[in-house]
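What follows is a set of notes on a single structure, which appears directly below.
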Amino acid sequence: MIERNSPLGAARVDPRVALVTCAELPDLEPDDRLVIEPLAARGVRAEPVVWDDPAVDWAAYDLVVVRSPWDYVGRREQFVAWAARVPRLANPAEVIAWNTEKTYLERLAADGVPVVPTGWVRPGETWVPAGDGEYVVKPAVSAGSRDTGRYDLADPTHRELAAAHVARLQAAGRLTMVQPYLAAVDTDGETGLLFFGGAFSHAIRKGPMLEGPDVPASGDRPPGLFRPERIEARQPSPAEMEVAEKVLAAIPGGAERLLYARVDLIPGPDGSPMLIELELTEPSLFLDRAPGAPERLADAIAQRL
Ligand SMILES: Nc1ncnc2c1ncn2[C@@H]1O[C@H](COP(=O)(O)OP(=O)(O)O)[C@@H](O)[C@H]1O
Ligand SMILES: [Mg+2]
């Protein structure tokens with residue numbers, strides 16, 4: 001802790017904030033580093049900390065902010081148990097437990113949120129590729145578009161590849177999702193709306209991520225934590241804003257207690273926005289895409305101290 005002299009002369013201690021990352025990114029992503037200086041300007045010392053480093057004393061931090069612990073996929077239980085042990089975590093541990101498996105989409109759909117129609121395949125269940133048109137196969141616990149593929153079920157080769165993909169995820173004990181491919185992502189892209197402390201900050205457009213069938217990591221896909229993304233600034237439409245607000249209102253425990261939230265939408269077949277993902281755990285925040293975004297996040301963090 002840093003001791004500083006306040007205007008009244010008495011020494012006071014600057015609050016300390018941990019920005020949680022993984023061993024592969026020990027200094028955070030450059031984008032997440034953008035909040036460090038605005039925090040310093042608010043008298044807050046922030047530093048990157050690796051979530052599964054056993055030497056860390058989490059109780060020493062006034063706030064622990066989850067940013068890029070992206071290697072938890074494949075050991076979600078360990079990550080959720082870690083979250084439950086951290087005294088002052090943002091977002092809160094129960095939010096992380098709820099949000100790290102995409103079954104939360106079911107709960108939101110039940111509350112009237114327009115969600116991409118999703119079929120769920122458990123390990124041991126039989127899945128027969130049916131219907132024509134394009135479908136997406138992906139795991140319920142994932143990040144960075146990994147293990148995610150796109151298949152045209154009218155094509156016999158794709159049907160086989162899709163079945164093999166589902167079987168591969170099932171064999172690894174993973175709950176698997178099958179969704180119609182929302183083709184508007186190819187033209188309109190995906191809209192991510194960022195909220196800090198429950199208030200809208202900015203939005204981005206993400207280009208389509210899926211070119212075709214999934215290639216296992218040993219194949220020709222570049223190794224790494226995520227696939228490259230094409231991101232631009234975007235003004236959300238009133239319809240997108242409305243759906244995002246509906247999503248936030250449906251989050252158990254309310255949205256005000258959330259330090260950050262990202263709502264990802266793609267236009268459905270009739271053009272109206274559908275929820276593809278709600279990111280309350282480790283979303284990229286794209287702070288560099290909107291003037292003032294790092295400062296707005298710093299304000300939201302400072303408010304929680
Ligand atoms: N049903 C879908 N229709 C169109 N594109 C999809 C669909 N599901 C996933 N994608 C594409 O795959 C990417 C990753 O899927 P997503 O559900 O966001 O999982 P995650 O980001 O957690 O890996 C999306 O950004 C989108 O480009
Ligand atoms: Mg996503």
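Chain identifiers are assigned as A, B, and so on, following the order in which chains appear in the structure tokens; residues are numbered from 1 within each chain, and ligands are numbered from 1 in order of appearance.
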Find the residues around range 85-98 of chain A up to 7 Å (only C-alpha atoms counted), leave out those fewer than 4 positions away in its own chain, and share them as a list in words.
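In the requested form, the answer reads Trp58, Ala59, Asp62, Leu63, Val64, Val65, Val66, Val80, Ala81, Tyr104, Leu258, Leu259, Leu280 and Thr281 of chain A.
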Restrict the selected residues to all heavy atoms and save them as an mmCIF file, in the first residue's frame.
```
data_model
loop_
_atom_site.group_PDB
_atom_site.id
_atom_site.type_symbol
_atom_site.label_atom_id
_atom_site.label_comp_id
_atom_site.auth_asym_id
_atom_site.auth_seq_id
_atom_site.Cartn_x
_atom_site.Cartn_y
_atom_site.Cartn_z
ATOM 1 N N TRP A 58 -5.577 -12.428 -1.718
ATOM 2 C CA TRP A 58 -6.684 -11.666 -2.314
ATOM 3 C C TRP A 58 -7.317 -10.707 -1.316
ATOM 4 O O TRP A 58 -7.876 -9.683 -1.692
ATOM 5 C CB TRP A 58 -7.725 -12.622 -2.897
ATOM 6 C CG TRP A 58 -7.146 -13.451 -4.007
ATOM 7 C CD1 TRP A 58 -6.735 -14.744 -3.930
ATOM 8 C CD2 TRP A 58 -6.852 -13.015 -5.349
ATOM 9 N NE1 TRP A 58 -6.207 -15.157 -5.135
ATOM 10 C CE2 TRP A 58 -6.272 -14.110 -6.019
ATOM 11 C CE3 TRP A 58 -7.015 -11.811 -6.032
ATOM 12 C CZ2 TRP A 58 -5.861 -14.039 -7.353
ATOM 13 C CZ3 TRP A 58 -6.612 -11.733 -7.355
ATOM 14 C CH2 TRP A 58 -6.044 -12.840 -8.000
ATOM 15 N N ALA A 59 -7.200 -11.043 -0.035
ATOM 16 C CA ALA A 59 -7.796 -10.186 0.995
ATOM 17 C C ALA A 59 -7.055 -8.848 1.105
ATOM 18 O O ALA A 59 -7.566 -7.897 1.699
ATOM 19 C CB ALA A 59 -7.793 -10.909 2.333
ATOM 20 N N ASP A 62 -8.661 -4.062 -2.056
ATOM 21 C CA ASP A 62 -9.946 -3.444 -1.739
ATOM 22 C C ASP A 62 -11.013 -3.849 -2.752
ATOM 23 O O ASP A 62 -12.201 -3.823 -2.459
ATOM 24 C CB ASP A 62 -9.785 -1.922 -1.724
ATOM 25 C CG ASP A 62 -8.787 -1.503 -0.650
ATOM 26 O OD1 ASP A 62 -9.153 -1.557 0.530
ATOM 27 O OD2 ASP A 62 -7.633 -1.187 -1.002
ATOM 28 N N LEU A 63 -10.572 -4.211 -3.962
ATOM 29 C CA LEU A 63 -11.487 -4.737 -4.966
ATOM 30 C C LEU A 63 -10.684 -5.607 -5.929
ATOM 31 O O LEU A 63 -9.557 -5.261 -6.282
ATOM 32 C CB LEU A 63 -12.175 -3.600 -5.735
ATOM 33 C CG LEU A 63 -13.366 -4.021 -6.624
ATOM 34 C CD1 LEU A 63 -14.543 -4.504 -5.770
ATOM 35 C CD2 LEU A 63 -13.831 -2.851 -7.508
ATOM 36 N N VAL A 64 -11.281 -6.727 -6.330
ATOM 37 C CA VAL A 64 -10.642 -7.641 -7.276
ATOM 38 C C VAL A 64 -11.536 -7.665 -8.519
ATOM 39 O O VAL A 64 -12.694 -8.085 -8.457
ATOM 40 C CB VAL A 64 -10.496 -9.045 -6.654
ATOM 41 C CG1 VAL A 64 -9.944 -10.027 -7.682
ATOM 42 C CG2 VAL A 64 -9.591 -8.987 -5.424
ATOM 43 N N VAL A 65 -11.012 -7.146 -9.626
ATOM 44 C CA VAL A 65 -11.811 -6.978 -10.843
ATOM 45 C C VAL A 65 -11.411 -8.048 -11.869
ATOM 46 O O VAL A 65 -10.250 -8.101 -12.289
ATOM 47 C CB VAL A 65 -11.611 -5.564 -11.441
ATOM 48 C CG1 VAL A 65 -12.400 -5.418 -12.742
ATOM 49 C CG2 VAL A 65 -12.029 -4.500 -10.442
ATOM 50 N N VAL A 66 -12.352 -8.880 -12.254
ATOM 51 C CA VAL A 66 -12.065 -9.957 -13.203
ATOM 52 C C VAL A 66 -11.926 -9.372 -14.607
ATOM 53 O O VAL A 66 -12.803 -8.637 -15.069
ATOM 54 C CB VAL A 66 -13.194 -11.014 -13.178
ATOM 55 C CG1 VAL A 66 -12.900 -12.119 -14.186
ATOM 56 C CG2 VAL A 66 -13.345 -11.592 -11.777
ATOM 57 N N VAL A 80 -14.745 -21.151 -10.547
ATOM 58 C CA VAL A 80 -15.905 -20.725 -9.757
ATOM 59 C C VAL A 80 -15.585 -20.851 -8.262
ATOM 60 O O VAL A 80 -15.966 -19.984 -7.454
ATOM 61 C CB VAL A 80 -17.152 -21.548 -10.163
ATOM 62 C CG1 VAL A 80 -18.295 -21.350 -9.184
ATOM 63 C CG2 VAL A 80 -17.594 -21.161 -11.585
ATOM 64 N N ALA A 81 -14.848 -21.910 -7.882
ATOM 65 C CA ALA A 81 -14.453 -22.086 -6.476
ATOM 66 C C ALA A 81 -13.478 -20.983 -6.055
ATOM 67 O O ALA A 81 -13.560 -20.448 -4.946
ATOM 68 C CB ALA A 81 -13.821 -23.461 -6.274
ATOM 69 N N TYR A 104 -27.606 -20.054 -18.781
ATOM 70 C CA TYR A 104 -28.303 -18.839 -18.331
ATOM 71 C C TYR A 104 -29.221 -18.298 -19.429
ATOM 72 O O TYR A 104 -30.185 -17.579 -19.149
ATOM 73 C CB TYR A 104 -27.302 -17.759 -17.857
ATOM 74 C CG TYR A 104 -26.428 -17.216 -18.966
ATOM 75 C CD1 TYR A 104 -26.932 -16.338 -19.920
ATOM 76 C CD2 TYR A 104 -25.101 -17.596 -19.084
ATOM 77 C CE1 TYR A 104 -26.142 -15.870 -20.957
ATOM 78 C CE2 TYR A 104 -24.302 -17.127 -20.117
ATOM 79 C CZ TYR A 104 -24.834 -16.267 -21.045
ATOM 80 O OH TYR A 104 -24.056 -15.816 -22.083
ATOM 81 N N LEU A 258 -23.604 -4.868 -10.791
ATOM 82 C CA LEU A 258 -22.582 -5.361 -11.714
ATOM 83 C C LEU A 258 -21.614 -4.240 -12.076
ATOM 84 O O LEU A 258 -22.037 -3.167 -12.506
ATOM 85 C CB LEU A 258 -23.230 -5.891 -12.993
ATOM 86 C CG LEU A 258 -24.255 -7.001 -12.806
ATOM 87 C CD1 LEU A 258 -24.903 -7.327 -14.137
ATOM 88 C CD2 LEU A 258 -23.606 -8.238 -12.204
ATOM 89 N N LEU A 259 -20.324 -4.488 -11.917
ATOM 90 C CA LEU A 259 -19.342 -3.479 -12.344
ATOM 91 C C LEU A 259 -19.366 -3.335 -13.863
ATOM 92 O O LEU A 259 -19.310 -2.246 -14.400
ATOM 93 C CB LEU A 259 -17.938 -3.883 -11.866
ATOM 94 C CG LEU A 259 -16.804 -2.990 -12.367
ATOM 95 C CD1 LEU A 259 -16.971 -1.550 -11.890
ATOM 96 C CD2 LEU A 259 -15.452 -3.553 -11.939
ATOM 97 N N LEU A 280 -20.871 -11.498 -18.299
ATOM 98 C CA LEU A 280 -20.728 -10.855 -16.989
ATOM 99 C C LEU A 280 -19.475 -11.341 -16.278
ATOM 100 O O LEU A 280 -19.246 -11.022 -15.118
ATOM 101 C CB LEU A 280 -21.950 -11.179 -16.104
ATOM 102 C CG LEU A 280 -23.316 -10.855 -16.699
ATOM 103 C CD1 LEU A 280 -24.421 -11.270 -15.732
ATOM 104 C CD2 LEU A 280 -23.422 -9.366 -17.021
ATOM 105 N N THR A 281 -18.666 -12.166 -16.978
ATOM 106 C CA THR A 281 -17.521 -12.768 -16.303
ATOM 107 C C THR A 281 -16.213 -12.112 -16.760
ATOM 108 O O THR A 281 -15.546 -11.456 -15.961
ATOM 109 C CB THR A 281 -17.486 -14.280 -16.567
ATOM 110 O OG1 THR A 281 -18.746 -14.829 -16.160
ATOM 111 C CG2 THR A 281 -16.376 -14.956 -15.758
#
```
Hey, what's within 7 Å of Gln179 in chain A if we count only C-alpha atoms and toss same-chain stuff fewer than 4 positions away? As a PyMOL selection string, please?
chain A and resi 116-119+135-137
Would you put the residues from that selection into a file with N, CA and C atoms, as a CSV table (one decimal), in the first residue's frame?
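selection.csv was written with the following content:
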```csv
chain,number,residue,atom,x,y,z
A,116,VAL,N,-31.3,-16.5,-29.1
A,116,VAL,CA,-31.2,-17.4,-30.3
A,116,VAL,C,-31.7,-18.8,-29.9
A,117,PRO,N,-32.6,-19.4,-30.7
A,117,PRO,CA,-33.1,-20.7,-30.4
A,117,PRO,C,-32.0,-21.7,-30.2
A,118,THR,N,-32.0,-22.5,-29.1
A,118,THR,CA,-30.9,-23.3,-28.7
A,118,THR,C,-31.3,-24.7,-28.4
A,119,GLY,N,-30.7,-25.7,-29.0
A,119,GLY,CA,-30.9,-27.1,-28.6
A,119,GLY,C,-29.7,-27.5,-27.7
A,135,TYR,N,-26.1,-24.4,-39.2
A,135,TYR,CA,-26.2,-24.5,-37.7
A,135,TYR,C,-24.8,-24.2,-37.1
A,136,VAL,N,-24.9,-23.8,-35.9
A,136,VAL,CA,-23.6,-23.6,-35.1
A,136,VAL,C,-23.6,-24.7,-34.0
A,137,VAL,N,-22.4,-25.3,-33.8
A,137,VAL,CA,-22.2,-26.2,-32.7
A,137,VAL,C,-21.2,-25.6,-31.8
```
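Take the candidates A:Ala41, A:Ala184, A:Ala109, A:Leu175 and check each one against Ala302 in chain A using only C-alpha atoms; the shortest distance goes to A:Ala41.
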For ligand 1, list the contacting residues at 6 Å or closer, counting only C-alpha atoms and all ligand atoms, as a ChimeraX atom specification.
/A:136,142-146,179-182,185,208-210,276-277
Given the choices A:Gly192, A:Ala140, A:Val20, A:Leu34, which gets closest to Asn99 in chain A if the distance is worked out from only C-alpha atoms?
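For Asn99 in chain A, the nearest of the candidates is A:Ala140.
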Near-Ser68 in chain A list (8 Å; only C-alpha atoms; drop same-chain fewer than 5 positions) as a compact mmCIF listing (two decimals) with N, CA, C and O atoms, in the first residue's frame:
```
# COMPACT_ATOMS: atom_id res chain seq x y z
N VAL A 20 -7.66 -8.97 -12.65
CA VAL A 20 -7.41 -10.42 -12.72
C VAL A 20 -7.16 -10.88 -14.14
O VAL A 20 -7.96 -10.60 -15.04
N THR A 21 -6.06 -11.61 -14.34
CA THR A 21 -5.73 -12.12 -15.65
C THR A 21 -5.25 -13.57 -15.54
O THR A 21 -5.45 -14.20 -14.50
N CYS A 22 -4.69 -14.10 -16.62
CA CYS A 22 -4.19 -15.48 -16.60
C CYS A 22 -2.68 -15.48 -16.86
O CYS A 22 -2.11 -14.48 -17.32
N LEU A 25 -1.24 -14.12 -20.02
CA LEU A 25 -1.29 -12.66 -20.22
C LEU A 25 -0.95 -11.96 -18.90
O LEU A 25 -1.78 -11.23 -18.35
N LEU A 28 -1.83 -8.31 -18.57
CA LEU A 28 -3.15 -7.98 -19.09
C LEU A 28 -3.08 -7.76 -20.60
O LEU A 28 -2.01 -7.70 -21.18
N GLU A 29 -4.27 -7.58 -21.18
CA GLU A 29 -4.36 -7.16 -22.57
C GLU A 29 -4.10 -5.65 -22.59
O GLU A 29 -4.49 -4.95 -21.65
N GLU A 282 -15.86 -12.30 -18.04
CA GLU A 282 -14.55 -11.84 -18.50
C GLU A 282 -14.63 -11.22 -19.89
O GLU A 282 -13.84 -11.56 -20.75
N PRO A 283 -15.61 -10.30 -20.08
CA PRO A 283 -15.72 -9.73 -21.43
C PRO A 283 -14.57 -8.79 -21.78
O PRO A 283 -14.11 -8.04 -20.92
N SER A 284 -14.11 -8.85 -23.03
CA SER A 284 -13.31 -7.74 -23.54
C SER A 284 -14.21 -6.52 -23.51
O SER A 284 -15.37 -6.59 -23.90
```
In Å, rounded to a single decimal, give me how far atom 1 (Mg, counted along the ligand's line) of ligand 2 is from CA of Tyr151 in chain A.
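Separation of CA of Tyr151 in chain A and atom 1 (Mg, counted along the ligand's line) of ligand 2: 18.0 Å.
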Residues near range 229-235 of chain A, anyone? I mean within 8 Å using only C-alpha atoms, not counting same-chain ones fewer than 4 positions away, as an NGL selection string.
:A and (191 or 202-207 or 209 or 289-290)
Counting only C-alpha atoms, the residue among A:Glu125, A:Asp132, A:Glu24, A:Glu240 that lies closest to Leu265 in chain A is A:Glu240
With distances taken over only C-alpha atoms, which residue among A:Leu275, A:Ala300, A:Ala154, A:Ala239 lies nearest Arg257 in chain A?
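Closest candidate: A:Ala300.
Considering only C-alpha atoms and all ligand atoms, the residue among A:Leu248, A:Leu287, A:Thr148, A:Glu160 positioned nearest to ligand 2 is A:Thr148.
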Just give me the gap between CA of Asp152 in chain A and CA of Pro114 in chain A in Å, one decimal is fine.
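A separation of 23.8 Å between them.
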Name the residues of range 7-121 of chain A that come out as strand (DSSP E) in a backbone DSSP run; write them as a VMD selection string.
chain A and resid 11 to 13 16 to 21 45 to 50 63 to 68 89 to 90 119 to 121
Please produce a file of the residues just selected, as an mmCIF file, in the first residue's frame, where the atoms kept are C-alpha atoms.
```
data_model
loop_
_atom_site.group_PDB
_atom_site.id
_atom_site.type_symbol
_atom_site.label_atom_id
_atom_site.label_comp_id
_atom_site.auth_asym_id
_atom_site.auth_seq_id
_atom_site.Cartn_x
_atom_site.Cartn_y
_atom_site.Cartn_z
ATOM 1 C CA ALA A 11 -1.443 9.860 6.206
ATOM 2 C CA ARG A 12 -4.003 7.831 4.283
ATOM 3 C CA VAL A 13 -3.669 4.691 2.252
ATOM 4 C CA ARG A 16 -5.563 -1.219 -4.141
ATOM 5 C CA VAL A 17 -7.326 -2.960 -6.982
ATOM 6 C CA ALA A 18 -6.349 -6.297 -8.564
ATOM 7 C CA LEU A 19 -7.040 -6.661 -12.290
ATOM 8 C CA VAL A 20 -7.408 -10.419 -12.716
ATOM 9 C CA THR A 21 -5.730 -12.118 -15.654
ATOM 10 C CA ARG A 45 -3.519 1.772 -7.469
ATOM 11 C CA ALA A 46 -4.378 -1.049 -9.886
ATOM 12 C CA GLU A 47 -2.171 -3.968 -10.847
ATOM 13 C CA PRO A 48 -2.466 -7.188 -12.871
ATOM 14 C CA VAL A 49 -2.746 -10.390 -10.811
ATOM 15 C CA VAL A 50 -2.908 -13.968 -12.130
ATOM 16 C CA LEU A 63 -11.487 -4.737 -4.966
ATOM 17 C CA VAL A 64 -10.642 -7.641 -7.276
ATOM 18 C CA VAL A 65 -11.811 -6.978 -10.843
ATOM 19 C CA VAL A 66 -12.065 -9.957 -13.203
ATOM 20 C CA ARG A 67 -10.609 -9.133 -16.621
ATOM 21 C CA SER A 68 -8.867 -11.840 -18.682
ATOM 22 C CA LEU A 89 -14.879 -9.606 -6.276
ATOM 23 C CA ALA A 90 -16.387 -7.759 -9.235
ATOM 24 C CA GLY A 119 -30.860 -27.102 -28.595
ATOM 25 C CA TRP A 120 -28.911 -28.668 -25.709
ATOM 26 C CA VAL A 121 -27.082 -31.997 -26.052
#
```
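If you look at CA of Asp147 in chain A and CA of Ala23 in chain A, they are 21.2 Å away from each other.
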Which polymer residues have any atom within 6 Å of an atom of Arg262 in chain A, counting only C-alpha atoms, with same-chain residues fewer than 5 positions away left out, as a list of chain:residue names?
A:Leu193, A:Leu194, A:Leu278, A:Glu279
